[in-house]
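Engineer: Here you go, one structure.
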Amino acid sequence: MPIPHFTIKNHFQKRHELYEEILTKEILKDICKKITGQNKFTVTFDNIGYNIGRLATLEFNGNIAYVSISEFEIKSRNSFFQSFPSALVKFHEETNSNKAIFFYFLKPNGKINTAYFIFMYRLMKTAGTIFLNEHDHLGISINPFNSVSDIIVQRDFNRGKNKGNASSYVTIDENGILQIFGKTYGANKYETTLLCLAIYAISSQPMELYEIQEKELIKLPKDARNVILSLGIKVITSNLILEREEFENNDSLRSPTYIYNLLEKLGDKKCCLCSCEIPQIIQGAHIWPVASIKRNSALNNDLKLKHAINGDNGLWLCNNHHKLFDINLLYISKDGKISYKTDIEQSHEDFVINFIANKQLPKEILTPEFISYLEKRNSLLESTDYTLII
Ligand SMILES: [Zn+2]
């Protein structure tokens, strides 16, 4: 039987040490044995260029194994997961169809089993990665996600604990399209790439990736973007120039940044009045309406757009509650209590009252900015026209 052969780029992009110093014979032997069942191997440390993805490839019998090696210096959760998505992208680019991707833990000098780490390991497994030695270092088995909703729920659960730390979100739009909203700068781009490839592996639904840009115009790295596009995932780049065009031309404002900001503030799509969680019928409802913002002559266009896409200027509402709110049949007072228009038919009144499960918005929604938007909206309405739902 031919001897398995490792090829490893020897240089780091930014460090002085070499991979041949870290990946000792014992480590390579262990990897080789676990993948091929053989102890003998040969290795080439390639000194041209640098290693992307902390990657070693192992060729044997016409097969190729991509092995991404973990960090062992645990500085931050972001740095730990920076390399693997690049290895996964390279794996997708590999033309040999007899391929598999693996992850190998080096002995860490810190904690690598927090809730966030486990979430990321699960995404890695969902994307098809085989872990070679998780039991030695994690002490538990990692299970892949079974469904996209499983990912969404777990994502939201993690987010609850580490609010503001998430950089990417998954949701489903009114046409059943899976939408991934991901930031593209710094470490975020790795998480976004991994999330996309993991979801692709378990879903046959059409997918869209929204690249959410902030100040700088940054897209995902070209090779990651190309791999995502080659899988048939639509990539939409959201930047303020496009958002502004949409804002100027359309009062209903289908703004990816607005949706992103609402996901960031409110979490997953869920009507805050009836608790409906069917994402296809949940929408971002403006508190200070887009049409009113546009009419405000005191603001320049940049400020108008800022108000239109502010996560504090909105709620998740189902189709019914969105419409009832838009026509001002429902009213939210400054303390977050819900009222309905008094002069409606009795049968309508019964319906409205019966289908509101939450008569008071939760405190975390009622930020000072949210209340200031509510005041702008309510300044055109008479609170005395409404009856409080108790
Ligand atoms: Zn509702």
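So you can find residues: chains in the structure tokens are A, B, ... in the order shown, residues in each start at 1, and ligands are numbered from 1 in order.
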At a cut-off of 8 Å, using only C-alpha atoms, what residues contact Leu88 of chain A? Leave out same-chain residues fewer than 4 positions from it and give the result as a list in words.
Structural biologist: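 Here the qualifying residues turn out to be Gly53, Phe84, His92, Ile101 and Leu194 of chain A.
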Engineer: Write to file, as a PDB file, in the first residue's frame, the residues of the selection just made, with all heavy atoms.
Structural biologist:
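The new file part-v2.pdb reads:
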```
ATOM      1  N   GLY A  53      -5.621  28.643   7.009  1.00  0.00           N
ATOM      2  CA  GLY A  53      -6.565  27.652   7.552  1.00  0.00           C
ATOM      3  C   GLY A  53      -5.928  26.661   8.514  1.00  0.00           C
ATOM      4  O   GLY A  53      -6.541  25.660   8.835  1.00  0.00           O
ATOM      5  N   PHE A  84     -10.350  27.956  10.805  1.00  0.00           N
ATOM      6  CA  PHE A  84     -11.101  26.827  10.258  1.00  0.00           C
ATOM      7  C   PHE A  84     -11.948  27.192   9.028  1.00  0.00           C
ATOM      8  O   PHE A  84     -11.917  26.458   8.027  1.00  0.00           O
ATOM      9  CB  PHE A  84     -11.962  26.140  11.324  1.00  0.00           C
ATOM     10  CG  PHE A  84     -12.770  25.054  10.709  1.00  0.00           C
ATOM     11  CD1 PHE A  84     -12.175  23.851  10.363  1.00  0.00           C
ATOM     12  CD2 PHE A  84     -14.102  25.263  10.363  1.00  0.00           C
ATOM     13  CE1 PHE A  84     -12.892  22.870   9.701  1.00  0.00           C
ATOM     14  CE2 PHE A  84     -14.827  24.286   9.706  1.00  0.00           C
ATOM     15  CZ  PHE A  84     -14.219  23.083   9.386  1.00  0.00           C
ATOM     16  N   HIS A  92     -13.756  23.192  -0.071  1.00  0.00           N
ATOM     17  CA  HIS A  92     -14.797  23.288  -1.100  1.00  0.00           C
ATOM     18  C   HIS A  92     -14.197  23.515  -2.482  1.00  0.00           C
ATOM     19  O   HIS A  92     -14.766  23.108  -3.484  1.00  0.00           O
ATOM     20  CB  HIS A  92     -15.779  24.411  -0.756  1.00  0.00           C
ATOM     21  CG  HIS A  92     -16.893  23.952   0.144  1.00  0.00           C
ATOM     22  ND1 HIS A  92     -18.043  23.380  -0.337  1.00  0.00           N
ATOM     23  CD2 HIS A  92     -17.002  23.957   1.494  1.00  0.00           C
ATOM     24  CE1 HIS A  92     -18.837  23.061   0.687  1.00  0.00           C
ATOM     25  NE2 HIS A  92     -18.224  23.406   1.802  1.00  0.00           N
ATOM     26  N   ILE A 101     -13.043  16.465   5.202  1.00  0.00           N
ATOM     27  CA  ILE A 101     -12.408  17.515   6.023  1.00  0.00           C
ATOM     28  C   ILE A 101     -12.447  17.110   7.500  1.00  0.00           C
ATOM     29  O   ILE A 101     -13.441  16.566   7.993  1.00  0.00           O
ATOM     30  CB  ILE A 101     -13.029  18.912   5.775  1.00  0.00           C
ATOM     31  CG1 ILE A 101     -12.280  19.970   6.599  1.00  0.00           C
ATOM     32  CG2 ILE A 101     -14.538  18.944   6.034  1.00  0.00           C
ATOM     33  CD1 ILE A 101     -12.419  21.369   6.081  1.00  0.00           C
ATOM     34  N   LEU A 194     -18.799  30.271   7.817  1.00  0.00           N
ATOM     35  CA  LEU A 194     -19.086  28.965   8.414  1.00  0.00           C
ATOM     36  C   LEU A 194     -20.591  28.723   8.523  1.00  0.00           C
ATOM     37  O   LEU A 194     -21.094  27.640   8.195  1.00  0.00           O
ATOM     38  CB  LEU A 194     -18.420  28.866   9.796  1.00  0.00           C
ATOM     39  CG  LEU A 194     -18.651  27.568  10.572  1.00  0.00           C
ATOM     40  CD1 LEU A 194     -18.198  26.356   9.776  1.00  0.00           C
ATOM     41  CD2 LEU A 194     -17.914  27.612  11.911  1.00  0.00           C
TER      42      LEU A 194
END
```
Engineer: Could you give me the residues within 12 Å of ligand 1, counting only C-alpha atoms and all ligand atoms, as a tab-separated table (two decimals) with C-alpha atoms, in the first residue's frame?
Structural biologist:
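So selection-v2.tsv came out as:
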```
chain	number	residue	atom	x	y	z
A	269	LYS	CA	-38.60	36.99	14.52
A	270	LYS	CA	-41.57	36.77	16.91
A	271	CYS	CA	-44.66	38.99	16.99
A	272	CYS	CA	-44.38	40.97	20.18
A	273	LEU	CA	-48.16	41.19	20.52
A	274	CYS	CA	-49.33	37.62	19.86
A	275	SER	CA	-45.99	35.71	20.11
A	276	CYS	CA	-46.44	34.18	16.63
A	277	GLU	CA	-43.09	32.76	15.54
A	278	ILE	CA	-43.85	31.73	11.95
A	279	PRO	CA	-41.06	33.72	10.28
A	281	ILE	CA	-45.49	36.18	8.39
A	282	ILE	CA	-43.35	38.29	10.75
A	283	GLN	CA	-42.24	41.71	9.62
A	284	GLY	CA	-40.25	44.64	10.92
A	285	ALA	CA	-42.82	47.32	11.80
A	315	LEU	CA	-40.87	45.86	16.47
A	316	TRP	CA	-41.43	42.39	15.09
A	317	LEU	CA	-45.13	42.11	14.29
A	318	CYS	CA	-47.11	39.44	12.45
A	319	ASN	CA	-48.97	40.45	9.27
A	320	ASN	CA	-52.21	41.09	11.16
A	321	HIS	CA	-50.72	43.11	13.97
A	322	HIS	CA	-48.49	45.03	11.59
A	323	LYS	CA	-51.51	46.09	9.56
A	324	LEU	CA	-53.56	46.97	12.65
A	325	PHE	CA	-50.65	49.02	13.96
A	330	LEU	CA	-53.61	49.77	17.81
A	352	VAL	CA	-58.41	42.45	18.63
A	353	ILE	CA	-58.53	41.83	22.39
A	354	ASN	CA	-58.49	38.05	22.02
A	355	PHE	CA	-55.49	38.01	19.74
A	356	ILE	CA	-53.19	40.06	21.87
A	357	ALA	CA	-51.29	37.81	24.24
A	358	ASN	CA	-48.87	40.48	25.46
A	359	LYS	CA	-50.62	43.59	26.73
```
Engineer: Within 10 Å of Ser97 of chain A, counting only C-alpha atoms, which residues qualify if same-chain residues fewer than 4 places away don't, as a list in words?
Structural biologist: Gly62, Asn63, Ile64 and His92 of chain A
Engineer: Output N, CA and C atoms for every residue in the selection just made, as a PDB file, in the first residue's frame.
Structural biologist:
```
ATOM      1  N   GLY A  62      -5.467   7.906  -3.602  1.00  0.00           N
ATOM      2  CA  GLY A  62      -6.355   8.726  -4.428  1.00  0.00           C
ATOM      3  C   GLY A  62      -7.319   9.593  -3.633  1.00  0.00           C
ATOM      4  N   ASN A  63      -7.276   9.483  -2.304  1.00  0.00           N
ATOM      5  CA  ASN A  63      -8.118  10.328  -1.444  1.00  0.00           C
ATOM      6  C   ASN A  63      -7.318  11.531  -0.960  1.00  0.00           C
ATOM      7  N   ILE A  64      -8.034  12.580  -0.643  1.00  0.00           N
ATOM      8  CA  ILE A  64      -7.345  13.710   0.002  1.00  0.00           C
ATOM      9  C   ILE A  64      -8.112  14.143   1.259  1.00  0.00           C
ATOM     10  N   HIS A  92     -13.756  23.192  -0.071  1.00  0.00           N
ATOM     11  CA  HIS A  92     -14.797  23.288  -1.100  1.00  0.00           C
ATOM     12  C   HIS A  92     -14.197  23.515  -2.482  1.00  0.00           C
TER      13      HIS A  92
END
```
Engineer: List every residue of segment 91-293 of chain A that DSSP, applied to the backbone of this structure, assigns to strand (DSSP E or B), and report them as a ChimeraX atom specification.
Structural biologist: /A:99-104,130-131,168-172,178-183,207-212,234-238,282-286
Engineer: Write the residues of the preceding selection, restricted to N, CA and C atoms, as a tab-separated table (two decimals), in the first residue's frame.
Structural biologist:
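The resulting file, out00.tsv, is reproduced below:
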```tsv
chain	number	residue	atom	x	y	z
A	99	LYS	N	-12.75	13.43	-1.20
A	99	LYS	CA	-12.17	14.34	-0.20
A	99	LYS	C	-12.99	14.31	1.08
A	100	ALA	N	-12.33	14.67	2.17
A	100	ALA	CA	-13.03	14.79	3.45
A	100	ALA	C	-12.30	15.86	4.27
A	101	ILE	N	-13.04	16.47	5.20
A	101	ILE	CA	-12.41	17.52	6.02
A	101	ILE	C	-12.45	17.11	7.50
A	102	PHE	N	-11.34	17.37	8.17
A	102	PHE	CA	-11.15	16.95	9.56
A	102	PHE	C	-10.70	18.13	10.41
A	103	PHE	N	-10.91	17.98	11.72
A	103	PHE	CA	-10.42	18.99	12.67
A	103	PHE	C	-9.67	18.24	13.77
A	104	TYR	N	-8.49	18.74	14.09
A	104	TYR	CA	-7.64	18.07	15.08
A	104	TYR	C	-7.28	19.06	16.18
A	130	ILE	N	-15.22	16.20	10.29
A	130	ILE	CA	-15.04	15.07	11.20
A	130	ILE	C	-13.99	15.47	12.24
A	131	PHE	N	-14.35	15.36	13.51
A	131	PHE	CA	-13.40	15.70	14.58
A	131	PHE	C	-12.59	14.45	14.90
A	168	SER	N	-23.79	37.45	13.18
A	168	SER	CA	-24.57	36.94	12.05
A	168	SER	C	-25.89	36.37	12.56
A	169	TYR	N	-26.89	36.45	11.74
A	169	TYR	CA	-28.22	35.98	12.11
A	169	TYR	C	-28.82	35.20	10.97
A	170	VAL	N	-29.70	34.27	11.31
A	170	VAL	CA	-30.39	33.48	10.30
A	170	VAL	C	-31.88	33.70	10.49
A	171	THR	N	-32.59	33.92	9.40
A	171	THR	CA	-34.03	34.01	9.51
A	171	THR	C	-34.64	33.58	8.18
A	172	ILE	N	-35.98	33.60	8.12
A	172	ILE	CA	-36.69	33.15	6.92
A	172	ILE	C	-37.64	34.26	6.51
A	178	LEU	N	-34.34	31.29	3.01
A	178	LEU	CA	-33.46	31.35	4.18
A	178	LEU	C	-32.53	32.53	4.02
A	179	GLN	N	-32.56	33.41	4.96
A	179	GLN	CA	-31.71	34.60	4.85
A	179	GLN	C	-30.66	34.59	5.95
A	180	ILE	N	-29.42	34.77	5.52
A	180	ILE	CA	-28.34	34.88	6.49
A	180	ILE	C	-27.84	36.31	6.42
A	181	PHE	N	-27.84	36.96	7.57
A	181	PHE	CA	-27.33	38.33	7.64
A	181	PHE	C	-25.99	38.27	8.35
A	182	GLY	N	-24.94	38.66	7.66
A	182	GLY	CA	-23.64	38.56	8.30
A	182	GLY	C	-22.80	39.80	8.09
A	183	LYS	N	-22.10	40.18	9.14
A	183	LYS	CA	-21.14	41.27	8.98
A	183	LYS	C	-19.89	40.71	8.31
A	207	MET	N	-31.36	30.00	-0.57
A	207	MET	CA	-30.65	30.79	0.45
A	207	MET	C	-30.17	32.12	-0.10
A	208	GLU	N	-30.19	33.11	0.76
A	208	GLU	CA	-29.61	34.41	0.43
A	208	GLU	C	-28.66	34.83	1.55
A	209	LEU	N	-27.52	35.32	1.15
A	209	LEU	CA	-26.58	35.87	2.14
A	209	LEU	C	-26.54	37.38	1.97
A	210	TYR	N	-26.85	38.07	3.04
A	210	TYR	CA	-26.75	39.54	3.01
A	210	TYR	C	-25.45	39.95	3.69
A	211	GLU	N	-24.59	40.56	2.93
A	211	GLU	CA	-23.36	41.08	3.52
A	211	GLU	C	-23.69	42.46	4.10
A	212	ILE	N	-23.66	42.53	5.42
A	212	ILE	CA	-24.02	43.79	6.07
A	212	ILE	C	-22.75	44.60	6.29
A	234	LYS	N	-27.49	33.10	-3.18
A	234	LYS	CA	-27.48	34.47	-3.70
A	234	LYS	C	-26.78	35.37	-2.69
A	235	VAL	N	-25.84	36.17	-3.14
A	235	VAL	CA	-25.14	37.08	-2.22
A	235	VAL	C	-25.57	38.51	-2.52
A	236	ILE	N	-26.09	39.16	-1.51
A	236	ILE	CA	-26.56	40.53	-1.70
A	236	ILE	C	-25.75	41.43	-0.77
A	237	THR	N	-25.13	42.42	-1.36
A	237	THR	CA	-24.32	43.32	-0.56
A	237	THR	C	-25.14	44.53	-0.18
A	238	SER	N	-25.26	44.73	1.12
A	238	SER	CA	-26.06	45.86	1.57
A	238	SER	C	-25.12	46.98	1.98
A	282	ILE	N	-43.81	37.26	9.79
A	282	ILE	CA	-43.35	38.29	10.75
A	282	ILE	C	-42.57	39.36	10.00
A	283	GLN	N	-42.88	40.60	10.32
A	283	GLN	CA	-42.24	41.71	9.62
A	283	GLN	C	-41.68	42.72	10.61
A	284	GLY	N	-40.75	43.51	10.13
A	284	GLY	CA	-40.25	44.64	10.92
A	284	GLY	C	-41.23	45.79	10.75
A	285	ALA	N	-41.83	46.24	11.86
A	285	ALA	CA	-42.82	47.32	11.80
A	285	ALA	C	-42.19	48.60	12.34
A	286	HIS	N	-42.21	49.64	11.55
A	286	HIS	CA	-41.63	50.91	12.01
A	286	HIS	C	-42.52	51.56	13.07
```
Engineer: Which distance in Å separates atom CA of Leu242 of chain A and atom CA of Ser255 of chain A, to one decimal?
Structural biologist: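 Atom CA of Ser255 of chain A lies at a distance of 9.1 Å from atom CA of Leu242 of chain A.
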Engineer: As a count of residues only, please: all residues of segment 67-222 of chain A that backbone DSSP puts in helix (DSSP H, G or I).
Structural biologist: 60
